[in-house]
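Asker: Handing over upload.cif, mmCIF, C-alpha atoms.
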data_model
loop_
_atom_site.label_atom_id
_atom_site.label_comp_id
_atom_site.auth_asym_id
_atom_site.auth_seq_id
_atom_site.Cartn_x
_atom_site.Cartn_y
_atom_site.Cartn_z
CA MET A 1 208.77 75.86 42.02
CA LYS A 2 209.04 77.84 38.83
CA LEU A 3 206.28 80.41 39.12
CA GLN A 4 204.92 81.70 35.83
CA ALA A 5 202.33 84.45 35.87
CA GLN A 6 201.36 87.77 34.41
CA VAL A 7 202.29 90.68 36.65
CA ASN A 8 201.03 94.13 35.70
CA GLY A 9 200.35 92.85 32.20
CA SER A 10 203.82 91.43 31.55
CA PRO A 11 205.11 87.85 31.75
CA PHE A 12 206.68 87.10 35.13
CA GLU A 13 208.86 84.19 36.19
CA ALA A 14 210.44 83.40 39.53
CA ASP A 15 212.06 80.35 41.10
CA VAL A 16 210.56 80.40 44.60
CA PRO A 17 209.36 78.01 47.30
CA ALA A 18 205.69 77.25 46.59
CA ALA A 19 204.74 78.01 50.18
CA SER A 20 206.33 81.45 50.14
CA SER A 21 204.00 84.43 50.17
CA LEU A 22 203.16 86.33 47.01
CA LEU A 23 204.23 89.44 48.95
CA ASP A 24 207.76 88.11 49.37
CA VAL A 25 207.90 86.99 45.75
CA LEU A 26 206.83 90.41 44.44
CA ARG A 27 209.11 92.41 46.71
CA GLY A 28 211.96 89.99 46.04
CA ALA A 29 211.54 90.73 42.33
CA GLY A 30 211.94 94.44 42.97
CA LEU A 31 208.24 95.32 43.04
CA SER A 32 208.55 97.05 46.39
CA GLY A 33 205.48 99.25 45.98
CA THR A 34 203.47 96.57 47.78
CA LYS A 35 204.15 97.09 51.49
CA GLU A 36 204.38 94.62 54.34
CA GLY A 37 202.30 95.49 57.39
CA CYS A 38 200.66 93.13 59.87
CA ARG A 39 201.46 89.93 57.98
CA VAL A 40 198.15 88.43 59.15
CA GLY A 41 195.74 89.70 56.49
CA VAL A 42 194.23 92.45 58.62
CA CYS A 43 195.84 95.78 57.71
CA GLY A 44 195.51 95.86 53.91
CA LEU A 45 198.97 97.29 53.18
CA CYS A 46 199.88 94.35 50.94
CA THR A 47 196.67 94.31 48.88
CA VAL A 48 197.17 93.14 45.28
CA LEU A 49 194.79 91.85 42.63
CA VAL A 50 194.85 88.18 41.64
CA ASP A 51 192.57 87.44 38.69
CA GLY A 52 190.70 90.64 39.48
CA ARG A 53 190.10 89.85 43.16
CA PRO A 54 191.72 91.76 46.01
CA VAL A 55 193.89 89.53 48.20
CA SER A 56 196.28 89.97 51.09
CA SER A 57 199.53 89.04 49.38
CA CYS A 58 201.11 88.27 52.78
CA LEU A 59 198.77 85.25 53.07
CA TYR A 60 198.48 84.37 49.39
CA LEU A 61 200.81 81.54 48.48
CA ALA A 62 203.07 81.70 45.46
CA GLY A 63 201.79 78.31 44.34
CA CYS A 64 198.26 79.69 44.01
CA ALA A 65 199.52 82.54 41.81
CA ASP A 66 200.85 80.22 39.11
CA ASP A 67 199.19 81.11 35.79
CA ALA A 68 197.40 84.00 37.49
CA ASP A 69 196.92 87.60 36.38
CA VAL A 70 198.47 89.69 39.15
CA TRP A 71 198.31 93.48 39.46
CA THR A 72 200.20 95.58 42.00
CA VAL A 73 200.27 99.30 42.71
CA GLU A 74 203.02 99.62 40.09
CA GLY A 75 200.45 98.70 37.42
CA MET A 76 197.61 100.91 38.62
CA ALA A 77 198.46 103.86 36.39
CA VAL A 78 197.79 101.50 33.48
CA ARG A 79 194.95 99.40 34.87
CA ALA A 80 193.07 102.01 36.91
CA PRO A 81 194.25 105.52 35.95
CA SER A 82 191.04 107.11 37.20
CA VAL A 83 191.67 105.66 40.66
CA VAL A 84 195.23 106.94 40.76
CA GLY A 85 194.04 110.33 39.50
CA ALA A 86 191.36 110.53 42.18
CA PHE A 87 193.87 109.76 44.96
CA VAL A 88 196.18 112.49 43.66
CA GLU A 89 193.42 115.04 43.25
CA HIS A 90 191.88 114.46 46.68
CA GLU A 91 195.25 113.91 48.35
CA GLY A 92 193.97 110.57 49.63
CA MET A 93 197.23 109.93 51.48
CA GLN A 94 199.49 111.30 54.16
CA CYS A 95 202.53 109.26 55.19
CA GLY A 96 201.90 106.95 52.25
CA ILE A 97 202.53 103.49 53.61
CA CYS A 98 198.90 102.35 53.30
CA THR A 99 198.44 104.10 49.95
CA PRO A 100 199.45 101.23 47.61
CA GLY A 101 196.90 98.96 49.33
CA GLN A 102 194.23 101.66 49.36
CA VAL A 103 194.66 102.34 45.63
CA VAL A 104 194.54 98.64 44.73
CA ALA A 105 191.52 98.09 47.00
CA VAL A 106 189.61 100.93 45.34
CA ALA A 107 190.61 99.59 41.92
CA SER A 108 189.02 96.26 42.91
CA MET A 109 185.63 97.80 43.72
CA GLY A 110 182.79 96.61 41.54
CA PRO A 111 179.75 98.63 40.53
CA GLU A 112 177.84 97.26 43.57
CA VAL A 113 179.97 99.44 45.85
CA ARG A 114 177.79 102.54 45.74
CA GLY A 115 177.81 105.53 48.04
CA GLU A 116 179.76 106.47 51.14
CA ASP A 117 178.49 103.73 53.48
CA ALA A 118 179.32 100.98 51.01
CA VAL A 119 182.74 102.50 50.25
CA ARG A 120 183.58 102.80 53.94
CA ARG A 121 182.49 99.21 54.57
CA TYR A 122 184.50 97.97 51.58
CA LEU A 123 187.63 99.81 52.73
CA GLY A 124 187.11 98.77 56.38
CA GLY A 125 189.97 96.29 56.02
CA ASN A 126 192.50 98.87 54.75
CA LEU A 127 193.84 100.64 57.82
CA CYS A 128 195.25 104.18 57.78
CA ARG A 129 196.89 105.79 60.79
CA CYS A 130 197.17 109.36 59.41
CA THR A 131 194.36 110.68 57.30
CA GLY A 132 191.29 109.90 59.36
CA TYR A 133 190.05 108.32 56.11
CA GLY A 134 188.18 111.43 54.92
CA THR A 135 190.26 112.11 51.82
CA ILE A 136 190.64 108.41 51.05
CA VAL A 137 186.86 107.97 51.03
CA GLU A 138 186.51 111.11 48.89
CA ALA A 139 189.04 109.72 46.42
CA ALA A 140 187.24 106.35 46.33
CA LEU A 141 183.83 107.97 45.76
CA ASP A 142 185.29 110.14 43.00
CA ALA A 143 186.97 107.11 41.43
CA GLN A 144 183.67 105.20 41.43
CA ASP A 145 181.97 108.28 39.96
CA ARG A 146 184.60 108.54 37.20
CA ARG A 147 184.01 104.89 36.39
CA GLY A 148 180.29 105.58 36.01
CA VAL A 149 179.07 104.03 39.27
CA PRO A 150 176.14 106.15 40.46
CA GLY A 151 175.41 106.98 44.10
CA PRO A 152 173.12 104.87 46.30
CA THR A 153 169.75 104.17 44.80
CA MET J 1 210.62 63.39 63.94
CA SER J 2 212.90 65.25 61.59
CA VAL J 3 212.50 68.98 61.28
CA ARG J 4 211.29 70.07 57.91
CA SER J 5 211.86 73.52 56.49
CA ALA J 6 208.98 75.40 54.86
CA ASP J 7 211.14 75.75 51.75
CA GLU J 8 210.84 71.99 51.28
CA THR J 9 207.04 72.00 51.24
CA ALA J 10 205.85 70.64 47.91
CA PHE J 11 202.83 72.08 46.12
CA PHE J 12 200.37 69.95 44.20
CA VAL J 13 197.47 71.21 42.12
CA PRO J 14 195.09 68.30 41.35
CA ASP J 15 192.36 68.79 38.77
CA THR J 16 190.24 65.91 40.02
CA LEU J 17 188.91 64.95 43.42
CA ASP J 18 190.46 61.48 43.18
CA ALA J 19 193.90 62.97 42.60
CA ALA J 20 193.40 65.30 45.58
CA VAL J 21 192.40 62.44 47.89
CA GLU J 22 195.34 60.36 46.74
CA ALA J 23 197.79 63.23 47.33
CA LEU J 24 196.35 63.84 50.79
CA SER J 25 197.29 60.30 51.83
CA THR J 26 200.94 61.48 51.92
CA PRO J 27 201.97 61.84 55.58
CA ASP J 28 201.74 65.49 56.77
CA ALA J 29 199.95 66.61 53.62
CA ILE J 30 197.57 69.55 54.11
CA ALA J 31 194.59 70.53 51.98
CA LEU J 32 194.62 74.17 50.92
CA ALA J 33 191.59 76.12 49.73
CA GLY J 34 191.50 79.94 49.93
CA GLY J 35 194.59 79.85 52.09
CA THR J 36 193.60 82.61 54.51
CA SER J 37 193.95 80.28 57.51
CA VAL J 38 196.61 77.95 56.15
CA GLY J 39 198.60 81.00 54.99
CA LEU J 40 198.49 82.36 58.53
CA LEU J 41 199.61 79.09 60.10
CA LEU J 42 202.43 78.70 57.55
CA GLY J 43 203.56 82.28 58.09
CA GLN J 44 203.73 81.72 61.83
CA GLY J 45 205.60 78.45 61.44
CA LEU J 46 202.76 76.52 63.13
CA LEU J 47 202.30 74.33 60.08
CA VAL J 48 205.12 72.81 58.02
CA PRO J 49 203.39 70.37 55.65
CA SER J 50 205.16 67.87 53.43
CA VAL J 51 202.88 68.89 50.57
CA LEU J 52 200.16 71.48 50.12
CA VAL J 53 197.29 70.10 48.05
CA TRP J 54 195.53 73.09 46.53
CA LEU J 55 191.87 72.41 45.83
CA GLY J 56 191.39 75.59 43.77
CA ARG J 57 191.50 73.93 40.36
CA ILE J 58 188.88 71.20 40.81
CA PRO J 59 185.83 72.37 38.83
CA GLU J 60 183.19 70.28 40.65
CA LEU J 61 184.05 71.92 43.97
CA SER J 62 182.88 75.36 42.85
CA ALA J 63 179.39 74.42 41.65
CA LEU J 64 176.38 76.09 43.24
CA ASP J 65 173.03 74.52 42.31
CA GLU J 66 169.48 74.42 43.55
CA ALA J 67 167.48 71.22 43.21
CA ASP J 68 164.97 69.18 45.21
CA GLY J 69 164.38 71.93 47.74
CA ARG J 70 167.97 72.45 48.68
CA LEU J 71 170.95 74.55 47.71
CA SER J 72 174.12 72.59 47.07
CA ILE J 73 177.14 74.77 47.60
CA GLY J 74 180.49 73.52 46.32
CA ALA J 75 183.20 73.60 48.98
CA SER J 76 185.38 75.99 46.96
CA THR J 77 182.62 78.62 46.76
CA THR J 78 184.12 81.81 48.16
CA LEU J 79 182.46 83.70 50.98
CA ALA J 80 182.18 86.74 48.68
CA THR J 81 180.26 84.66 46.13
CA LEU J 82 178.02 83.24 48.84
CA ALA J 83 177.30 86.68 50.34
CA ALA J 84 176.36 88.15 46.95
CA HIS J 85 174.48 85.19 45.45
CA PRO J 86 170.87 86.17 44.72
CA ARG J 87 169.37 82.78 45.67
CA VAL J 88 171.41 82.54 48.85
CA ARG J 89 170.39 86.07 49.83
CA ALA J 90 166.75 85.36 49.08
CA THR J 91 166.41 81.91 50.67
CA LEU J 92 169.21 81.74 53.27
CA PRO J 93 169.80 85.29 54.53
CA ALA J 94 171.51 83.97 57.67
CA LEU J 95 174.14 82.27 55.51
CA ALA J 96 174.60 85.26 53.18
CA ASP J 97 175.00 87.61 56.15
CA ALA J 98 177.39 85.25 57.96
CA ALA J 99 179.57 84.87 54.85
CA GLY J 100 179.52 88.64 54.31
CA SER J 101 180.65 89.27 57.90
CA VAL J 102 183.95 87.37 57.79
CA GLY J 103 187.12 89.45 58.11
CA ASN J 104 187.49 91.88 55.21
CA VAL J 105 187.00 91.91 51.44
CA ARG J 106 190.40 90.33 50.83
CA VAL J 107 189.57 87.39 53.09
CA ARG J 108 186.09 86.93 51.63
CA SER J 109 187.35 87.08 48.03
CA VAL J 110 189.37 83.87 48.49
CA ALA J 111 188.21 82.13 51.71
CA THR J 112 185.83 79.25 51.03
CA VAL J 113 182.85 77.65 52.72
CA GLY J 114 184.71 74.33 52.89
CA GLY J 115 187.71 76.00 54.46
CA ALA J 116 185.57 77.75 57.08
CA LEU J 117 184.24 74.33 58.15
CA ALA J 118 187.54 72.45 58.01
CA HIS J 119 189.39 75.13 60.01
CA ALA J 120 186.76 74.72 62.79
CA ASP J 121 187.72 77.91 64.59
CA PRO J 122 184.80 78.49 67.01
CA ARG J 123 184.80 82.21 66.18
CA GLN J 124 184.04 81.56 62.49
CA ASP J 125 180.84 83.15 61.21
CA VAL J 126 179.72 80.51 58.72
CA PRO J 127 179.52 77.25 60.76
CA PRO J 128 176.83 78.42 63.23
CA ALA J 129 174.70 79.69 60.33
CA LEU J 130 174.99 76.31 58.60
CA LEU J 131 174.20 74.56 61.89
CA ALA J 132 171.01 76.58 62.40
CA LEU J 133 170.02 75.95 58.76
CA ASP J 134 170.37 72.16 59.25
CA ALA J 135 173.03 71.87 56.54
CA ARG J 136 174.71 68.60 55.60
CA VAL J 137 178.40 68.44 54.77
CA GLU J 138 179.47 66.04 52.02
CA VAL J 139 182.91 64.55 52.39
CA VAL J 140 184.94 62.36 50.03
CA GLY J 141 187.85 60.10 50.96
CA PRO J 142 189.45 56.85 49.83
CA GLN J 143 186.47 54.90 51.23
CA GLY J 144 184.01 57.00 49.27
CA ARG J 145 181.43 59.60 50.15
CA ARG J 146 179.82 60.34 53.51
CA VAL J 147 177.53 63.03 54.78
CA LEU J 148 177.77 64.71 58.18
CA ALA J 149 175.83 67.30 60.13
CA VAL J 150 177.90 70.37 61.00
CA ASP J 151 178.05 69.38 64.69
CA GLU J 152 179.22 65.89 63.71
CA LEU J 153 181.94 67.37 61.50
CA ILE J 154 183.24 69.90 64.04
CA ASP J 155 184.04 67.70 67.03
CA GLY J 156 186.21 69.97 69.17
CA PHE J 157 188.19 73.19 69.37
CA MET J 158 189.67 73.64 65.86
CA SER J 159 189.13 69.92 65.34
CA THR J 160 187.02 67.95 62.87
CA ALA J 161 185.99 64.36 62.23
CA LEU J 162 187.75 64.55 58.84
CA ALA J 163 190.43 61.95 58.19
CA PRO J 164 193.66 63.48 56.82
CA ASP J 165 192.79 62.24 53.33
CA GLU J 166 189.17 63.34 53.33
CA VAL J 167 188.01 66.45 51.49
CA ILE J 168 184.84 68.48 52.05
CA THR J 169 183.18 68.62 48.63
CA ALA J 170 179.89 70.40 49.20
CA VAL J 171 177.40 71.72 51.71
CA HIS J 172 173.73 70.97 51.17
CA VAL J 173 171.26 73.36 52.74
CA PRO J 174 167.48 72.76 52.72
CA VAL J 175 165.40 75.74 51.58
CA PRO J 176 161.90 74.96 52.87
CA ARG J 177 159.12 77.42 52.11
CA GLY J 178 158.17 79.75 54.92
CA ARG J 179 161.40 79.43 56.87
CA ARG J 180 162.95 82.70 57.95
CA SER J 181 166.56 82.91 59.04
CA SER J 182 168.81 85.52 60.55
CA TYR J 183 172.43 85.91 61.61
CA LEU J 184 173.87 88.39 64.09
CA ARG J 185 177.38 88.88 65.42
CA PHE J 186 178.34 90.94 68.45
CA THR J 187 181.61 92.68 67.59
CA PRO J 188 182.44 95.35 70.14
CA GLY J 189 185.85 95.89 68.49
CA SER J 190 186.32 96.94 64.87
CA ALA J 191 183.96 95.46 62.28
CA ASP J 192 186.63 93.16 60.85
CA ASP J 193 187.53 91.69 64.25
CA TYR J 194 186.45 88.29 65.47
CA PRO J 195 183.06 88.47 67.16
CA THR J 196 182.63 88.08 70.92
CA VAL J 197 179.59 85.88 70.29
CA LEU J 198 177.62 85.06 67.17
CA VAL J 199 174.14 83.66 66.75
CA ALA J 200 172.05 82.24 63.92
CA ALA J 201 168.39 81.28 64.03
CA THR J 202 165.60 79.99 61.85
CA VAL J 203 161.87 80.04 62.43
CA ALA J 204 159.49 78.15 60.16
CA VAL J 205 156.18 79.96 59.96
CA ARG J 206 152.80 78.76 58.71
CA ASP J 207 149.70 80.96 58.82
CA GLY J 208 151.53 83.50 60.95
CA VAL J 209 152.44 80.94 63.65
CA PRO J 210 155.88 79.38 64.24
CA ILE J 211 155.89 75.65 63.54
CA GLY J 212 159.57 75.07 64.28
CA ALA J 213 162.71 76.95 65.23
CA THR J 214 166.45 76.45 65.49
CA LEU J 215 169.12 78.45 67.25
CA ALA J 216 172.91 78.05 66.95
CA VAL J 217 175.63 79.86 68.86
CA GLY J 218 179.31 80.41 68.05
CA GLY J 219 182.21 81.97 69.91
CA ALA J 220 180.87 80.78 73.25
CA GLY J 221 182.48 77.37 73.56
CA PRO J 222 184.98 75.05 71.90
CA THR J 223 182.53 74.39 69.05
CA PRO J 224 179.43 76.07 67.68
CA TYR J 225 176.36 74.51 69.29
CA LEU J 226 172.65 74.07 68.72
CA VAL J 227 170.12 75.05 71.36
CA PRO J 228 167.45 72.32 71.10
CA GLU J 229 165.18 74.26 73.51
CA ALA J 230 164.36 76.48 70.48
CA ASP J 231 161.83 73.75 69.55
CA ALA J 232 159.63 75.18 72.29
CA LEU J 233 158.70 78.06 69.94
CA ALA J 234 156.64 75.70 67.76
CA ALA J 235 152.89 76.42 67.92
CA VAL J 236 153.27 79.10 70.59
CA PRO J 237 150.52 81.73 70.28
CA VAL J 238 151.68 85.24 69.51
CA GLY J 239 150.98 86.59 73.00
CA GLN J 240 153.50 84.18 74.53
CA TRP J 241 156.38 84.59 72.06
CA ALA J 242 158.33 86.97 74.27
CA ASP J 243 158.24 84.62 77.27
CA VAL J 244 159.28 81.58 75.25
CA VAL J 245 162.05 83.51 73.46
CA ALA J 246 163.39 84.56 76.87
CA GLU J 247 163.39 80.92 78.02
CA VAL J 248 165.22 79.81 74.88
CA ALA J 249 167.77 82.61 75.32
CA ASP J 250 168.35 81.48 78.93
CA ALA J 251 168.87 77.92 77.69
CA ALA J 252 171.41 79.19 75.15
CA GLU J 253 173.26 80.91 77.99
CA ARG J 254 173.22 77.75 80.16
CA ARG J 255 174.74 75.76 77.29
CA ALA J 256 177.55 78.28 76.73
CA ASP J 257 181.05 77.27 77.77
CA PRO J 258 183.22 80.23 76.77
CA VAL J 259 186.76 81.11 77.79
CA SER J 260 187.89 84.55 78.90
CA ASP J 261 190.02 86.32 76.31
CA ARG J 262 190.46 89.78 74.80
CA LEU J 263 186.99 89.51 73.25
CA GLY J 264 185.37 89.37 76.71
CA SER J 265 185.35 87.52 80.02
CA ALA J 266 183.58 84.18 80.20
CA PRO J 267 180.69 85.51 82.36
CA TYR J 268 180.26 88.47 79.99
CA LYS J 269 180.18 86.22 76.94
CA ARG J 270 177.57 84.00 78.63
CA ARG J 271 175.31 87.01 79.26
CA MET J 272 175.84 88.23 75.69
CA VAL J 273 174.75 84.83 74.36
CA ALA J 274 171.35 85.34 76.02
CA VAL J 275 171.04 88.93 74.76
CA TRP J 276 171.96 88.12 71.15
CA ALA J 277 170.00 84.85 71.10
CA ARG J 278 166.88 86.82 72.00
CA ARG J 279 167.59 89.43 69.31
CA VAL J 280 168.20 86.92 66.54
CA LEU J 281 165.06 84.93 67.38
CA GLU J 282 163.00 88.14 67.41
CA GLN J 283 164.31 88.95 63.95
CA CYS J 284 163.02 85.63 62.64
CA LEU J 285 159.52 85.93 64.08
CA PRO J 286 156.87 87.62 61.97
CA ALA J 287 156.12 91.24 62.82
CA THR J 288 153.27 91.39 65.29
CA ALA J 289 152.40 95.09 64.94
#
Represent the supplied structure as structure tokens.
Answerer:
Amino acid sequence: MKLQAQVNGSPFEADVPAASSLLDVLRGAGLSGTKEGCRVGVCGLCTVLVDGRPVSSCLYLAGCADDADVWTVEGMAVRAPSVVGAFVEHEGMQCGICTPGQVVAVASMGPEVRGEDAVRRYLGGNLCRCTGYGTIVEAALDAQDRRGVPGPT
Amino acid sequence: MSVRSADETAFFVPDTLDAAVEALSTPDAIALAGGTSVGLLLGQGLLVPSVLVWLGRIPELSALDEADGRLSIGASTTLATLAAHPRVRATLPALADAAGSVGNVRVRSVATVGGALAHADPRQDVPPALLALDARVEVVGPQGRRVLAVDELIDGFMSTALAPDEVITAVHVPVPRGRRSSYLRFTPGSADDYPTVLVAATVAVRDGVPIGATLAVGGAGPTPYLVPEADALAAVPVGQWADVVAEVADAAERRADPVSDRLGSAPYKRRMVAVWARRVLEQCLPATA
């Protein structure tokens, strides 16, 4: 199929099998910031936004991304600069392989994700083997704060 | 049978139900909704369809309305939408909690209620909740519309009564006054893992006394199942609730037919059915203090 979409705010075209994964399409187009991990939708490494929703791009089919608005970690400095800034400031990373998925996941949080418990539950599907999550959660809470989301009521 | 490569799989995006049903009559066609299960099976080479028929662009499948004492939930409604919907949370907490328990945010943001039913994995959170809530599943195919109970639809391990060219269009759930519902999953692993057992219950209460109850169990057999012995809770005076709940929980355990796997041995799962059945029924009964 000829896939036509917006990726990180720019027009994107690719001639790919419709049943290929969005992950393979993006990486095949040189957008290698999105990492491949478990390939079964569990680890969160390949998290991208499709029409504002977080998805596992390893399971998301190219055919379903036609006409869609896709954002990857490469676009986060434009779409969610406060999230990127919070990860840098709190050093919400160590080896870095989960970081693209963590940043995109935090960028997908809505205002209903308030306070540490909610943030930890929301990020429960983004696995990290290095940090112990402390600085990632700090970065996420700070990012929510910067976006004007208050603490738990 | 010739071997087909995944690269040859066609992709069709119908904008009407009729077009979807027609496309699904192609041999080896597969309906695709959120894609979290189909994506897995494709990725593992377990499924090589001739054509994927994506149901994500059919407007009538994503409606969510309340009328005549029931909520009608379009099959394409995502689990995230269901879990956050104010009316679902207020009137069907068991369903909201079940939908909000599936996998992780990325799964829930695209996985659909219709897909959860059609996939018929016995470890799925949503089907037992719909079973306990006495939901009806509306299905459309070339012969027209039919309506099935959840335990008529799911007829075996990862198997349904759907014909290849039938599509789940909606789930209708009654919202009677005074009915309380609850959903619990026992997940000794990480929160996003499949549950060892899961339970959903409803208790209808009038004047502080139960007048009817349902209990459904998942993860403990090839299909989710109802425990009809829950009827015994009707009209039981408050002093005898604990005894009757224990009897119902024992009945739930007797009806369990689990397999041993990494989520627990079969005898362990059977015992956990009784424990969690008791807990979920207790949550639905009015406070007695």
Asker: Please determine, counting only C-alpha atoms, which residue among A:Val137, A:Ala18, A:Val88, A:Cys95 has the shortest atom-to-atom distance to chain J.
Answerer: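 Using only C-alpha atoms, chain J sits closest to A:Ala18.
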Asker: At what distance in Å, to one decimal, does CA of Asp142 in chain A lie from CA of Pro54 in chain A?
Answerer: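 Here the two named atoms are 19.7 Å from each other.
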Asker: As a list in words, please: the residues near range 66-77 of chain J (cut-off 6 Å, only C-alpha atoms, same-chain neighbours under 2 positions excluded).
Answerer: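 Returned residues: Leu61, Ser62, Ala63, Leu64, Thr112, Val113, Gly114, Thr169, Ala170, Val171, His172, Val173, Pro174 and Val175 of chain J.
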Asker: Which residues, protein or nucleic acid, reach to within 8 Å of (171.1, 76.1, 70.5) in the file's coordinates when using all atoms listed in the file, and can you give that as a compact mmCIF listing (two decimals) with C-alpha atoms, keeping the file's coordinate frame?
Answerer:
# COMPACT_ATOMS: atom_id res chain seq x y z
CA THR J 214 166.45 76.45 65.49
CA LEU J 215 169.12 78.45 67.25
CA ALA J 216 172.91 78.05 66.95
CA VAL J 217 175.63 79.86 68.86
CA TYR J 225 176.36 74.51 69.29
CA LEU J 226 172.65 74.07 68.72
CA VAL J 227 170.12 75.05 71.36
CA PRO J 228 167.45 72.32 71.10
CA GLU J 229 165.18 74.26 73.51
CA ALA J 230 164.36 76.48 70.48
CA ALA J 251 168.87 77.92 77.69
CA ALA J 252 171.41 79.19 75.15
CA ARG J 255 174.74 75.76 77.29
Asker: Pick out the closest residue to chain J from this set: A:Leu23, A:Leu31, A:Val42, A:Leu3. Count all atoms listed in the file.
Answerer: A:Val42
Asker: Go through A:Gly33, A:Pro100, A:Gly28, A:Gly125 one by one, measure the shortest atom-to-atom distance of each to chain J using all atoms listed in the file, and give the residue with the smallest value.
Answerer: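 Closest to chain J, using all atoms listed in the file: A:Gly125.
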Asker: If the PyMOL selection byres ((chain A) within 9 of (chain J)) is run on the structure shown, which residues does it catch, given as a ChimeraX atom specification?
Answerer: /A:1,16-21,39-42,44,47,53-56,58-61,63-64,105,121-126
Asker: Taking into account all atoms listed in the file, which residue in the set J:Ala118, J:Ala249, J:Leu24, J:Val139 is nearest to Ile154 in chain J?
Answerer: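 The answer is J:Ala118, which sits nearest to Ile154 in chain J.
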Asker: Between CA of Val83 in chain A and CA of Cys128 in chain A, what distance in Å does the model show, to one decimal?
Answerer: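 Between CA of Val83 in chain A and CA of Cys128 in chain A the gap is 17.6 Å.
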Asker: Do you know which residues the PyMOL selection byres ((chain J and resi 158) around 8) returns on this file, as a ChimeraX atom specification?
Answerer: /J:119-122,154,156-157,159-160,222-223
Asker: To one decimal place, how far is CA of Gly221 in chain J from CA of Ala274 in chain J in Å?
Answerer: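 Those two atoms sit 13.9 Å apart.
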Asker: Let me make sure I understand: among J:Thr202, J:Thr81, J:Ser101, J:Thr196, which one has the smallest atom-to-atom distance to Leu130 in chain J if we use all atoms listed in the file?
Answerer: J:Thr202
Asker: Evaluate the PyMOL selection byres ((chain A and resi 114) around 7) and record the selected residues as a PyMOL selection string, following the chain and residue labels used in the document.
Answerer: chain A and resi 111-113+115-116+118-119+149-152
Asker: Which is closest to Ser50 in chain J among J:Leu82, J:Val205, J:Ala149, J:Ala31, if we use all atoms listed in the file?
Answerer: J:Ala31
Asker: In file coordinates, which residues lie within 7 Å of (204.7, 97.3, 51.6) using all atoms listed in the file, given as a list in words?
Answerer: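 Residues satisfying the cut-off, written out: Ser32, Gly33, Thr34, Lys35, Glu36, Gly37, Leu45, Cys46 and Ile97 of chain A.
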Asker: Might you pull out every residue within 8 Å of Lys2 in chain A, with only C-alpha atoms counted and same-chain residues fewer than 5 positions away left off, and present them as a list in words?
Answerer: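 Using only C-alpha atoms, the neighbours found are Glu13, Ala14, Asp15 and Val16 of chain A.
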Asker: Excluding range 68-77 of chain A and any residue of its chain fewer than 2 positions from it, enumerate the residues within 8 Å of it, using only C-alpha atoms, and give them as a list in words.
Answerer: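 What passes the distance filter is Ala5, Gln6, Val7, Asn8, Gly9, Leu31, Gly33, Thr34, Thr47, Val48, Leu49, Val50, Asp51, Gly52, Cys64, Ala65, Asp66, Arg79, Ala80, Pro81, Val83, Val84, Pro100, Gly101, Val103, Val104 and Ala107 of chain A.
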Asker: Just the residues within 9 Å of Ile136 in chain A, please, counting only C-alpha atoms, with nothing from its chain fewer than 5 positions along; format it as a PyMOL selection string.
Answerer: chain A and resi 87+90-93+99+102+131+141
